[in-house]
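Okay, target34.txt now, which holds compact mmCIF, C-alpha atoms:
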```
# COMPACT_ATOMS: atom_id res chain seq x y z
CA MET A 1 -1.82 -1.95 -1.50
CA GLU A 2 1.99 -2.00 -1.80
CA ASN A 3 1.87 -5.67 -2.79
CA VAL A 4 -0.51 -4.90 -5.65
CA ILE A 5 1.76 -2.15 -6.93
CA LEU A 6 4.81 -4.42 -6.68
CA GLU A 7 2.98 -7.16 -8.58
CA HIS A 8 2.11 -4.74 -11.37
CA LEU A 9 5.69 -3.47 -11.53
CA GLN A 10 6.99 -7.03 -11.74
CA LYS A 11 4.59 -7.78 -14.59
CA ILE A 12 5.74 -4.66 -16.42
CA GLU A 13 9.36 -5.64 -15.88
CA LYS A 14 8.73 -9.10 -17.35
CA GLN A 15 6.98 -7.54 -20.35
CA LEU A 16 9.95 -5.22 -20.92
CA GLU A 17 12.30 -8.20 -20.75
CA MET A 18 10.19 -9.99 -23.35
CA ILE A 19 10.20 -6.92 -25.60
CA ASN A 20 13.97 -6.63 -25.21
CA SER A 21 14.39 -10.28 -26.13
CA LYS A 22 12.21 -9.86 -29.21
CA ILE A 23 14.18 -6.80 -30.30
CA GLU A 24 17.44 -8.72 -29.97
CA ASN A 25 16.03 -11.61 -31.99
CA PHE A 26 14.43 -9.36 -34.60
CA LEU A 27 15.53 -10.08 -38.15
CA GLY A 28 17.92 -7.38 -39.18
CA PHE A 29 19.15 -6.67 -35.66
CA GLU A 30 22.62 -7.77 -36.70
CA GLU A 31 22.48 -5.22 -39.53
CA LEU A 32 22.21 -2.25 -37.19
CA ARG A 33 25.02 0.25 -37.34
CA GLU A 34 27.50 0.41 -34.49
CA GLU A 35 26.00 3.71 -33.33
CA GLU A 36 22.51 2.18 -33.18
CA LEU A 37 23.79 -0.81 -31.21
CA ARG A 38 25.50 1.51 -28.71
CA GLU A 39 22.26 3.46 -28.31
CA LEU A 40 20.34 0.26 -27.57
CA ASP A 41 23.03 -0.76 -25.05
CA GLU A 42 22.70 2.63 -23.33
CA ILE A 43 18.92 2.31 -23.14
CA GLU A 44 19.23 -1.20 -21.71
CA ALA A 45 21.76 -0.04 -19.10
CA GLU A 46 19.50 2.85 -18.07
CA MET A 47 16.53 0.49 -17.77
CA GLU A 48 18.54 -1.87 -15.56
CA LYS A 49 19.39 1.05 -13.25
CA GLY A 50 15.75 2.12 -13.23
CA GLU A 51 16.48 5.41 -14.97
CA LYS A 52 14.08 6.99 -17.41
CA PHE A 53 15.00 7.62 -21.01
CA SER A 54 13.56 9.57 -23.90
CA LEU A 55 12.03 7.71 -26.82
CA GLU A 56 13.00 10.49 -29.20
```
Since I need it in another form, could you write the structure as structure tokens?
Amino acid sequence: MENVILEHLQKIEKQLEMINSKIENFLGFEELREEELRELDEIEAEMEKGEKFSLE
């Protein structure tokens, strides 16, 4: 059972990495304000630590 859960978590992690990559390559990403870039960096750091974050 634990293996199944771990497999699902690994798939989710890979999907999040793909989403992150797409966001970084999104046209207009370089046009984000400094504040918006910092916010994205904070979200990424929290995700790497496994912390939850609000989407608001």
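Atom pair CA of Val4 (chain A) / CA of Ile23 (chain A) has a distance of 28.8 Å (rounded to one decimal).
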Mind giving me the straight-line distance from CA of Phe29 (chain A) to CA of Lys11 (chain A) in Å, one decimal?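 So the answer is 25.6 Å.
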Separation of CA of Gly50 (chain A) from CA of Leu32 (chain A) in Å: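 Computing it gives 25.2 Å between the two atoms.
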Size and centre in Å, one decimal, axis-aligned box, all listed region 26-37 of chain A atoms plus 6 Å per side, as lines of an AutoDock Vina configuration file:
```
center_x = 21.0
center_y = -3.2
center_z = -35.4
size_x = 25.1
size_y = 25.8
size_z = 20.3
```
Could you name the residues that touch region 46-48 of chain A at 10 Å or less, counting only C-alpha atoms, but leaving out those on the same chain fewer than 6 positions away, as a list in words?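 So, after excluding close chain neighbours, the residues are Glu13, Leu16 and Leu40 of chain A.
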Using all atoms listed in the file, pick whichever of A:Lys49, A:Arg33, A:Glu44, A:Glu39 has the shortest atom-to-atom distance to Asn20 (chain A). A:Glu44
